[in-house]
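Dumped target.txt below, it's compact mmCIF, N, CA, C and O atoms:
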```txt
# COMPACT_ATOMS: atom_id res chain seq x y z
N MET A 1 -59.92 171.60 49.26
CA MET A 1 -61.32 171.93 49.14
C MET A 1 -62.14 170.88 49.88
O MET A 1 -61.80 169.71 49.88
N THR A 2 -63.17 171.33 50.52
CA THR A 2 -64.14 170.42 51.12
C THR A 2 -65.53 170.95 50.80
O THR A 2 -65.71 172.14 50.56
N ALA A 3 -66.48 170.06 50.76
CA ALA A 3 -67.84 170.46 50.42
C ALA A 3 -68.81 169.63 51.26
O ALA A 3 -68.50 168.53 51.69
N GLY A 4 -69.99 170.19 51.48
CA GLY A 4 -71.00 169.46 52.21
C GLY A 4 -72.39 170.00 51.92
O GLY A 4 -72.55 171.17 51.60
N GLU A 5 -73.34 169.11 52.02
CA GLU A 5 -74.74 169.47 51.78
C GLU A 5 -75.41 169.77 53.11
O GLU A 5 -75.33 168.99 54.05
N GLY A 6 -76.07 170.92 53.18
CA GLY A 6 -76.78 171.30 54.39
C GLY A 6 -78.14 170.64 54.49
O GLY A 6 -78.61 169.98 53.55
N ASN A 7 -78.78 170.81 55.62
CA ASN A 7 -80.13 170.26 55.83
C ASN A 7 -81.13 170.82 54.83
O ASN A 7 -82.15 170.19 54.55
N ASP A 8 -80.84 171.99 54.30
CA ASP A 8 -81.73 172.63 53.34
C ASP A 8 -81.47 172.16 51.90
O ASP A 8 -82.12 172.60 50.97
N GLY A 9 -80.49 171.26 51.72
CA GLY A 9 -80.18 170.74 50.40
C GLY A 9 -79.19 171.58 49.62
O GLY A 9 -78.78 171.20 48.53
N LEU A 10 -78.81 172.73 50.17
CA LEU A 10 -77.83 173.58 49.50
C LEU A 10 -76.41 173.13 49.85
O LEU A 10 -76.15 172.69 50.96
N TRP A 11 -75.54 173.26 48.88
CA TRP A 11 -74.14 172.86 49.06
C TRP A 11 -73.29 174.06 49.42
O TRP A 11 -73.50 175.17 48.92
N THR A 12 -72.30 173.83 50.29
CA THR A 12 -71.32 174.84 50.65
C THR A 12 -69.94 174.28 50.36
O THR A 12 -69.67 173.10 50.64
N TYR A 13 -69.09 175.11 49.79
CA TYR A 13 -67.73 174.72 49.44
C TYR A 13 -66.76 175.59 50.21
O TYR A 13 -66.92 176.81 50.26
N LEU A 14 -65.75 174.98 50.81
CA LEU A 14 -64.72 175.70 51.55
C LEU A 14 -63.38 175.38 50.91
O LEU A 14 -63.04 174.20 50.72
N MET A 15 -62.63 176.42 50.59
CA MET A 15 -61.34 176.18 49.96
C MET A 15 -60.37 177.26 50.40
O MET A 15 -60.77 178.34 50.84
N PHE A 16 -59.11 176.95 50.28
CA PHE A 16 -58.05 177.90 50.55
C PHE A 16 -57.14 177.94 49.34
O PHE A 16 -56.75 176.89 48.82
N ALA A 17 -56.81 179.13 48.90
CA ALA A 17 -55.88 179.28 47.78
C ALA A 17 -55.11 180.58 47.97
O ALA A 17 -55.72 181.64 48.09
N SER A 18 -53.81 180.48 48.02
CA SER A 18 -52.98 181.66 48.25
C SER A 18 -52.53 182.34 46.96
O SER A 18 -52.01 183.45 46.99
N GLU A 19 -52.75 181.69 45.82
CA GLU A 19 -52.33 182.23 44.52
C GLU A 19 -53.48 182.06 43.52
O GLU A 19 -54.25 181.12 43.63
N PRO A 20 -53.57 182.94 42.53
CA PRO A 20 -54.65 182.84 41.54
C PRO A 20 -54.71 181.49 40.83
O PRO A 20 -55.80 180.96 40.60
N HIS A 21 -53.58 180.91 40.50
CA HIS A 21 -53.62 179.62 39.79
C HIS A 21 -54.14 178.51 40.70
O HIS A 21 -54.82 177.60 40.24
N LEU A 22 -53.90 178.62 42.01
CA LEU A 22 -54.45 177.63 42.95
C LEU A 22 -55.95 177.84 43.12
O LEU A 22 -56.70 176.87 43.25
N LEU A 23 -56.39 179.09 43.09
CA LEU A 23 -57.82 179.38 43.17
C LEU A 23 -58.54 178.79 41.96
O LEU A 23 -59.59 178.15 42.10
N ALA A 24 -57.97 178.97 40.78
CA ALA A 24 -58.57 178.40 39.56
C ALA A 24 -58.64 176.88 39.66
O ALA A 24 -59.65 176.27 39.28
N HIS A 25 -57.60 176.27 40.20
CA HIS A 25 -57.58 174.82 40.36
C HIS A 25 -58.70 174.36 41.29
O HIS A 25 -59.46 173.45 40.97
N GLU A 26 -58.81 174.99 42.46
CA GLU A 26 -59.81 174.59 43.44
C GLU A 26 -61.23 174.88 42.94
O GLU A 26 -62.15 174.08 43.15
N LEU A 27 -61.42 176.01 42.29
CA LEU A 27 -62.75 176.32 41.75
C LEU A 27 -63.13 175.34 40.64
O LEU A 27 -64.31 175.03 40.47
N SER A 28 -62.16 174.83 39.91
CA SER A 28 -62.44 173.82 38.89
C SER A 28 -63.02 172.57 39.53
O SER A 28 -63.96 171.97 39.01
N HIS A 29 -62.47 172.18 40.68
CA HIS A 29 -63.03 171.03 41.39
C HIS A 29 -64.49 171.28 41.77
O HIS A 29 -65.34 170.40 41.64
N VAL A 30 -64.76 172.49 42.26
CA VAL A 30 -66.14 172.86 42.61
C VAL A 30 -67.04 172.73 41.38
O VAL A 30 -68.12 172.12 41.44
N LEU A 31 -66.60 173.29 40.27
CA LEU A 31 -67.42 173.25 39.06
C LEU A 31 -67.63 171.83 38.55
O LEU A 31 -68.73 171.49 38.11
N PHE A 32 -66.60 171.00 38.61
CA PHE A 32 -66.78 169.60 38.19
C PHE A 32 -67.85 168.93 39.04
O PHE A 32 -68.67 168.17 38.56
N HIS A 33 -67.85 169.24 40.33
CA HIS A 33 -68.87 168.66 41.22
C HIS A 33 -70.25 169.18 40.86
O HIS A 33 -71.22 168.40 40.80
N VAL A 34 -70.37 170.47 40.61
CA VAL A 34 -71.66 171.06 40.24
C VAL A 34 -72.17 170.46 38.93
O VAL A 34 -73.33 170.06 38.81
N PHE A 35 -71.29 170.37 37.93
CA PHE A 35 -71.70 169.80 36.65
C PHE A 35 -72.14 168.34 36.82
O PHE A 35 -73.13 167.92 36.24
N GLU A 36 -71.41 167.60 37.63
CA GLU A 36 -71.78 166.19 37.87
C GLU A 36 -73.16 166.10 38.50
O GLU A 36 -73.99 165.29 38.09
N ARG A 37 -73.43 166.93 39.51
CA ARG A 37 -74.73 166.90 40.18
C ARG A 37 -75.85 167.30 39.24
O ARG A 37 -76.99 166.89 39.41
N CYS A 38 -75.54 168.13 38.25
CA CYS A 38 -76.56 168.57 37.28
C CYS A 38 -76.68 167.60 36.11
O CYS A 38 -77.52 167.80 35.22
N GLY A 39 -75.82 166.58 36.07
CA GLY A 39 -75.86 165.63 34.97
C GLY A 39 -75.32 166.20 33.67
O GLY A 39 -75.74 165.79 32.58
N MET A 40 -74.41 167.15 33.78
CA MET A 40 -73.86 167.81 32.60
C MET A 40 -72.39 167.42 32.42
O MET A 40 -71.69 167.19 33.40
N ASP A 41 -71.96 167.39 31.18
CA ASP A 41 -70.56 167.14 30.86
C ASP A 41 -69.88 168.49 30.65
O ASP A 41 -70.27 169.25 29.74
N PRO A 42 -68.89 168.84 31.47
CA PRO A 42 -68.24 170.15 31.34
C PRO A 42 -67.52 170.34 30.00
O PRO A 42 -67.18 171.46 29.65
N ARG A 43 -67.34 169.28 29.24
CA ARG A 43 -66.67 169.37 27.94
C ARG A 43 -67.64 169.71 26.80
O ARG A 43 -67.19 170.05 25.70
N ASP A 44 -68.95 169.63 27.07
CA ASP A 44 -69.93 169.94 26.02
C ASP A 44 -69.72 171.35 25.48
O ASP A 44 -69.34 172.27 26.22
N SER A 45 -69.97 171.51 24.20
CA SER A 45 -69.85 172.81 23.52
C SER A 45 -68.48 173.43 23.71
O SER A 45 -68.34 174.64 23.92
N GLY A 46 -67.47 172.59 23.67
CA GLY A 46 -66.11 173.10 23.81
C GLY A 46 -65.79 173.62 25.19
O GLY A 46 -64.84 174.37 25.37
N GLY A 47 -66.58 173.22 26.19
CA GLY A 47 -66.34 173.64 27.57
C GLY A 47 -66.79 175.06 27.88
O GLY A 47 -66.41 175.61 28.91
N GLU A 48 -67.60 175.64 27.01
CA GLU A 48 -68.00 177.04 27.19
C GLU A 48 -68.67 177.30 28.54
O GLU A 48 -68.32 178.28 29.21
N ALA A 49 -69.62 176.49 28.93
CA ALA A 49 -70.31 176.72 30.21
C ALA A 49 -69.33 176.66 31.37
O ALA A 49 -69.36 177.50 32.27
N PHE A 50 -68.45 175.67 31.33
CA PHE A 50 -67.43 175.54 32.38
C PHE A 50 -66.54 176.79 32.42
O PHE A 50 -66.29 177.36 33.48
N CYS A 51 -66.07 177.22 31.25
CA CYS A 51 -65.17 178.37 31.19
C CYS A 51 -65.84 179.66 31.66
O CYS A 51 -65.24 180.45 32.39
N TYR A 52 -67.09 179.87 31.25
CA TYR A 52 -67.82 181.07 31.70
C TYR A 52 -68.00 181.04 33.22
O TYR A 52 -67.81 182.06 33.89
N MET A 53 -68.37 179.88 33.75
CA MET A 53 -68.58 179.79 35.20
C MET A 53 -67.27 179.99 35.95
O MET A 53 -67.24 180.67 36.98
N LEU A 54 -66.18 179.40 35.46
CA LEU A 54 -64.88 179.56 36.12
C LEU A 54 -64.47 181.03 36.09
O LEU A 54 -64.01 181.57 37.10
N GLY A 55 -64.63 181.68 34.95
CA GLY A 55 -64.30 183.10 34.86
C GLY A 55 -65.09 183.94 35.85
O GLY A 55 -64.54 184.81 36.52
N GLN A 56 -66.38 183.67 35.96
CA GLN A 56 -67.22 184.43 36.89
C GLN A 56 -66.81 184.18 38.34
O GLN A 56 -66.73 185.12 39.14
N LEU A 57 -66.54 182.94 38.67
CA LEU A 57 -66.11 182.62 40.04
C LEU A 57 -64.75 183.25 40.35
O LEU A 57 -64.52 183.68 41.49
N MET A 58 -63.87 183.31 39.38
CA MET A 58 -62.56 183.95 39.60
C MET A 58 -62.72 185.45 39.87
O MET A 58 -61.93 186.04 40.59
N ILE A 59 -63.77 186.05 39.31
CA ILE A 59 -64.05 187.46 39.59
C ILE A 59 -64.64 187.61 40.98
O ILE A 59 -64.25 188.51 41.74
N GLU A 60 -65.58 186.74 41.34
CA GLU A 60 -66.34 186.90 42.58
C GLU A 60 -65.63 186.36 43.82
O GLU A 60 -65.76 186.94 44.90
N ALA A 61 -64.91 185.26 43.71
CA ALA A 61 -64.34 184.60 44.89
C ALA A 61 -63.40 185.49 45.70
O ALA A 61 -63.51 185.52 46.93
N PRO A 62 -62.49 186.24 45.09
CA PRO A 62 -61.60 187.08 45.91
C PRO A 62 -62.36 188.14 46.70
O PRO A 62 -61.90 188.56 47.75
N GLN A 63 -63.51 188.56 46.22
CA GLN A 63 -64.30 189.55 46.93
C GLN A 63 -64.97 188.98 48.17
O GLN A 63 -65.33 189.72 49.08
N LEU A 64 -65.13 187.65 48.21
CA LEU A 64 -65.78 187.00 49.35
C LEU A 64 -64.81 186.78 50.50
O LEU A 64 -65.22 186.63 51.63
N GLY A 65 -63.53 186.67 50.18
CA GLY A 65 -62.52 186.36 51.18
C GLY A 65 -62.13 187.58 51.92
O GLY A 65 -61.84 187.78 52.99
```
Target encoding structure tokens, full file:
Amino acid sequence: MTAGEGNDGLWTYLMFASEPHLLAHELSHVLFHVFERCGMDPRDSGGEAFCYMLGQLMIEAPQLG
């Protein structure tokens, strides 16, 4: 995975994953970065926000590729 901030302040993430478990792994890195930038602990509330976001990204990411 690699990530970078554009001139507009928006972040772009590029990753490659050939298997669903690798996609979940790489998306977790993305989410940890997002949570860190937002000043949030992904473990808060039993990790619910992290889990919901990971689930949604797992649904959406394969459609983008």
Identify which of the residues A:Arg37, A:Ala24, A:Gly4, A:Leu10 lies closest to Gln56 of chain A, counting only C-alpha atoms when measuring atom-to-atom distances.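 Of A:Arg37, A:Ala24, A:Gly4, A:Leu10, the one nearest Gln56 of chain A is A:Ala24, counting only C-alpha atoms.
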Using DSSP assignments from the backbone, pull out every residue in chain A that falls under strand (DSSP E or B) and give it to me as an MDAnalysis selection string. chainID A and resid 2:5 11:14
Keeping N, CA, C and O atoms, export the residues of the selection given above as a PDB file, keeping the file's coordinate frame.
```pdb
ATOM      1  N   THR A   2     -63.170 171.330  50.520  1.00  0.00           N
ATOM      2  CA  THR A   2     -64.140 170.420  51.120  1.00  0.00           C
ATOM      3  C   THR A   2     -65.530 170.950  50.800  1.00  0.00           C
ATOM      4  O   THR A   2     -65.710 172.140  50.560  1.00  0.00           O
ATOM      5  N   ALA A   3     -66.480 170.060  50.760  1.00  0.00           N
ATOM      6  CA  ALA A   3     -67.840 170.460  50.420  1.00  0.00           C
ATOM      7  C   ALA A   3     -68.810 169.630  51.260  1.00  0.00           C
ATOM      8  O   ALA A   3     -68.500 168.530  51.690  1.00  0.00           O
ATOM      9  N   GLY A   4     -69.990 170.190  51.480  1.00  0.00           N
ATOM     10  CA  GLY A   4     -71.000 169.460  52.210  1.00  0.00           C
ATOM     11  C   GLY A   4     -72.390 170.000  51.920  1.00  0.00           C
ATOM     12  O   GLY A   4     -72.550 171.170  51.600  1.00  0.00           O
ATOM     13  N   GLU A   5     -73.340 169.110  52.020  1.00  0.00           N
ATOM     14  CA  GLU A   5     -74.740 169.470  51.780  1.00  0.00           C
ATOM     15  C   GLU A   5     -75.410 169.770  53.110  1.00  0.00           C
ATOM     16  O   GLU A   5     -75.330 168.990  54.050  1.00  0.00           O
ATOM     17  N   TRP A  11     -75.540 173.260  48.880  1.00  0.00           N
ATOM     18  CA  TRP A  11     -74.140 172.860  49.060  1.00  0.00           C
ATOM     19  C   TRP A  11     -73.290 174.060  49.420  1.00  0.00           C
ATOM     20  O   TRP A  11     -73.500 175.170  48.920  1.00  0.00           O
ATOM     21  N   THR A  12     -72.300 173.830  50.290  1.00  0.00           N
ATOM     22  CA  THR A  12     -71.320 174.840  50.650  1.00  0.00           C
ATOM     23  C   THR A  12     -69.940 174.280  50.360  1.00  0.00           C
ATOM     24  O   THR A  12     -69.670 173.100  50.640  1.00  0.00           O
ATOM     25  N   TYR A  13     -69.090 175.110  49.790  1.00  0.00           N
ATOM     26  CA  TYR A  13     -67.730 174.720  49.440  1.00  0.00           C
ATOM     27  C   TYR A  13     -66.760 175.590  50.210  1.00  0.00           C
ATOM     28  O   TYR A  13     -66.920 176.810  50.260  1.00  0.00           O
ATOM     29  N   LEU A  14     -65.750 174.980  50.810  1.00  0.00           N
ATOM     30  CA  LEU A  14     -64.720 175.700  51.550  1.00  0.00           C
ATOM     31  C   LEU A  14     -63.380 175.380  50.910  1.00  0.00           C
ATOM     32  O   LEU A  14     -63.040 174.200  50.720  1.00  0.00           O
TER      33      LEU A  14
END
```
Tell me which of A:Pro20, A:Glu26, A:Glu60, A:Ser45 sits closest to Thr2 of chain A, counting all atoms listed in the file.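 Going through A:Pro20, A:Glu26, A:Glu60, A:Ser45 one by one, the smallest distance to Thr2 of chain A is for A:Glu26.
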Pull the alpha helix (DSSP H) assignments for chain A out of DSSP run on the backbone, and list those residues as a ChimeraX atom specification. /A:20-38,48-64
Kindly give the distance, in Å, that separates atom CA of Met15 of chain A and atom O of Glu36 of chain A, rounded to a single decimal. 20.5 Å
Could you tell me how far atom CA of Phe16 of chain A sits from atom CA of Met53 of chain A, in Å to one decimal place? 18.7 Å
Return segment 12-23 of chain A, completed with all heavy atoms, as a PDB file, in the frame of the given file.
```
ATOM      1  N   THR A  12     -72.300 173.830  50.290  1.00  0.00           N
ATOM      2  CA  THR A  12     -71.320 174.840  50.650  1.00  0.00           C
ATOM      3  C   THR A  12     -69.940 174.280  50.360  1.00  0.00           C
ATOM      4  O   THR A  12     -69.670 173.100  50.640  1.00  0.00           O
ATOM      5  CB  THR A  12     -71.417 175.185  52.156  1.00  0.00           C
ATOM      6  OG1 THR A  12     -72.731 175.681  52.425  1.00  0.00           O
ATOM      7  CG2 THR A  12     -70.393 176.221  52.551  1.00  0.00           C
ATOM      8  N   TYR A  13     -69.090 175.110  49.790  1.00  0.00           N
ATOM      9  CA  TYR A  13     -67.730 174.720  49.440  1.00  0.00           C
ATOM     10  C   TYR A  13     -66.760 175.590  50.210  1.00  0.00           C
ATOM     11  O   TYR A  13     -66.920 176.810  50.260  1.00  0.00           O
ATOM     12  CB  TYR A  13     -67.494 174.883  47.939  1.00  0.00           C
ATOM     13  CG  TYR A  13     -68.411 174.028  47.103  1.00  0.00           C
ATOM     14  CD1 TYR A  13     -69.654 174.483  46.708  1.00  0.00           C
ATOM     15  CD2 TYR A  13     -68.036 172.748  46.732  1.00  0.00           C
ATOM     16  CE1 TYR A  13     -70.505 173.691  45.958  1.00  0.00           C
ATOM     17  CE2 TYR A  13     -68.877 171.949  45.978  1.00  0.00           C
ATOM     18  CZ  TYR A  13     -70.100 172.426  45.605  1.00  0.00           C
ATOM     19  OH  TYR A  13     -70.941 171.635  44.863  1.00  0.00           O
ATOM     20  N   LEU A  14     -65.750 174.980  50.810  1.00  0.00           N
ATOM     21  CA  LEU A  14     -64.720 175.700  51.550  1.00  0.00           C
ATOM     22  C   LEU A  14     -63.380 175.380  50.910  1.00  0.00           C
ATOM     23  O   LEU A  14     -63.040 174.200  50.720  1.00  0.00           O
ATOM     24  CB  LEU A  14     -64.733 175.270  53.022  1.00  0.00           C
ATOM     25  CG  LEU A  14     -63.649 175.866  53.915  1.00  0.00           C
ATOM     26  CD1 LEU A  14     -63.825 177.379  54.026  1.00  0.00           C
ATOM     27  CD2 LEU A  14     -63.687 175.212  55.277  1.00  0.00           C
ATOM     28  N   MET A  15     -62.630 176.420  50.590  1.00  0.00           N
ATOM     29  CA  MET A  15     -61.340 176.180  49.960  1.00  0.00           C
ATOM     30  C   MET A  15     -60.370 177.260  50.400  1.00  0.00           C
ATOM     31  O   MET A  15     -60.770 178.340  50.840  1.00  0.00           O
ATOM     32  CB  MET A  15     -61.456 176.166  48.449  1.00  0.00           C
ATOM     33  CG  MET A  15     -61.804 177.506  47.845  1.00  0.00           C
ATOM     34  SD  MET A  15     -62.187 177.425  46.118  1.00  0.00           S
ATOM     35  CE  MET A  15     -63.843 176.807  46.215  1.00  0.00           C
ATOM     36  N   PHE A  16     -59.110 176.950  50.280  1.00  0.00           N
ATOM     37  CA  PHE A  16     -58.050 177.900  50.550  1.00  0.00           C
ATOM     38  C   PHE A  16     -57.140 177.940  49.340  1.00  0.00           C
ATOM     39  O   PHE A  16     -56.750 176.890  48.820  1.00  0.00           O
ATOM     40  CB  PHE A  16     -57.248 177.486  51.784  1.00  0.00           C
ATOM     41  CG  PHE A  16     -56.027 178.341  51.988  1.00  0.00           C
ATOM     42  CD1 PHE A  16     -56.145 179.588  52.547  1.00  0.00           C
ATOM     43  CD2 PHE A  16     -54.783 177.885  51.584  1.00  0.00           C
ATOM     44  CE1 PHE A  16     -55.024 180.386  52.714  1.00  0.00           C
ATOM     45  CE2 PHE A  16     -53.663 178.684  51.752  1.00  0.00           C
ATOM     46  CZ  PHE A  16     -53.773 179.931  52.318  1.00  0.00           C
ATOM     47  N   ALA A  17     -56.810 179.130  48.900  1.00  0.00           N
ATOM     48  CA  ALA A  17     -55.880 179.280  47.780  1.00  0.00           C
ATOM     49  C   ALA A  17     -55.110 180.580  47.970  1.00  0.00           C
ATOM     50  O   ALA A  17     -55.720 181.640  48.090  1.00  0.00           O
ATOM     51  CB  ALA A  17     -56.630 179.282  46.459  1.00  0.00           C
ATOM     52  N   SER A  18     -53.810 180.480  48.020  1.00  0.00           N
ATOM     53  CA  SER A  18     -52.980 181.660  48.250  1.00  0.00           C
ATOM     54  C   SER A  18     -52.530 182.340  46.960  1.00  0.00           C
ATOM     55  O   SER A  18     -52.010 183.450  46.990  1.00  0.00           O
ATOM     56  CB  SER A  18     -51.747 181.275  49.073  1.00  0.00           C
ATOM     57  OG  SER A  18     -51.020 180.256  48.394  1.00  0.00           O
ATOM     58  N   GLU A  19     -52.750 181.690  45.820  1.00  0.00           N
ATOM     59  CA  GLU A  19     -52.330 182.230  44.520  1.00  0.00           C
ATOM     60  C   GLU A  19     -53.480 182.060  43.520  1.00  0.00           C
ATOM     61  O   GLU A  19     -54.250 181.120  43.630  1.00  0.00           O
ATOM     62  CB  GLU A  19     -51.101 181.491  43.998  1.00  0.00           C
ATOM     63  CG  GLU A  19     -49.888 181.564  44.909  1.00  0.00           C
ATOM     64  CD  GLU A  19     -49.265 182.945  44.941  1.00  0.00           C
ATOM     65  OE1 GLU A  19     -49.420 183.699  43.948  1.00  0.00           O
ATOM     66  OE2 GLU A  19     -48.635 183.282  45.946  1.00  0.00           O
ATOM     67  N   PRO A  20     -53.570 182.940  42.530  1.00  0.00           N
ATOM     68  CA  PRO A  20     -54.650 182.840  41.540  1.00  0.00           C
ATOM     69  C   PRO A  20     -54.710 181.490  40.830  1.00  0.00           C
ATOM     70  O   PRO A  20     -55.800 180.960  40.600  1.00  0.00           O
ATOM     71  CB  PRO A  20     -54.355 183.968  40.550  1.00  0.00           C
ATOM     72  CG  PRO A  20     -53.599 184.974  41.345  1.00  0.00           C
ATOM     73  CD  PRO A  20     -52.772 184.163  42.313  1.00  0.00           C
ATOM     74  N   HIS A  21     -53.580 180.910  40.500  1.00  0.00           N
ATOM     75  CA  HIS A  21     -53.620 179.620  39.790  1.00  0.00           C
ATOM     76  C   HIS A  21     -54.140 178.510  40.700  1.00  0.00           C
ATOM     77  O   HIS A  21     -54.820 177.600  40.240  1.00  0.00           O
ATOM     78  CB  HIS A  21     -52.233 179.251  39.224  1.00  0.00           C
ATOM     79  CG  HIS A  21     -51.193 178.959  40.239  1.00  0.00           C
ATOM     80  ND1 HIS A  21     -50.500 179.959  40.907  1.00  0.00           N
ATOM     81  CD2 HIS A  21     -50.718 177.786  40.714  1.00  0.00           C
ATOM     82  CE1 HIS A  21     -49.645 179.406  41.747  1.00  0.00           C
ATOM     83  NE2 HIS A  21     -49.756 178.093  41.661  1.00  0.00           N
ATOM     84  N   LEU A  22     -53.900 178.620  42.010  1.00  0.00           N
ATOM     85  CA  LEU A  22     -54.450 177.630  42.950  1.00  0.00           C
ATOM     86  C   LEU A  22     -55.950 177.840  43.120  1.00  0.00           C
ATOM     87  O   LEU A  22     -56.700 176.870  43.250  1.00  0.00           O
ATOM     88  CB  LEU A  22     -53.747 177.730  44.297  1.00  0.00           C
ATOM     89  CG  LEU A  22     -52.256 177.410  44.283  1.00  0.00           C
ATOM     90  CD1 LEU A  22     -51.646 177.689  45.649  1.00  0.00           C
ATOM     91  CD2 LEU A  22     -52.019 175.976  43.863  1.00  0.00           C
ATOM     92  N   LEU A  23     -56.390 179.090  43.090  1.00  0.00           N
ATOM     93  CA  LEU A  23     -57.820 179.380  43.170  1.00  0.00           C
ATOM     94  C   LEU A  23     -58.540 178.790  41.960  1.00  0.00           C
ATOM     95  O   LEU A  23     -59.590 178.150  42.100  1.00  0.00           O
ATOM     96  CB  LEU A  23     -58.056 180.885  43.262  1.00  0.00           C
ATOM     97  CG  LEU A  23     -59.502 181.338  43.327  1.00  0.00           C
ATOM     98  CD1 LEU A  23     -60.212 180.754  44.543  1.00  0.00           C
ATOM     99  CD2 LEU A  23     -59.576 182.859  43.343  1.00  0.00           C
TER     100      LEU A  23
END
```
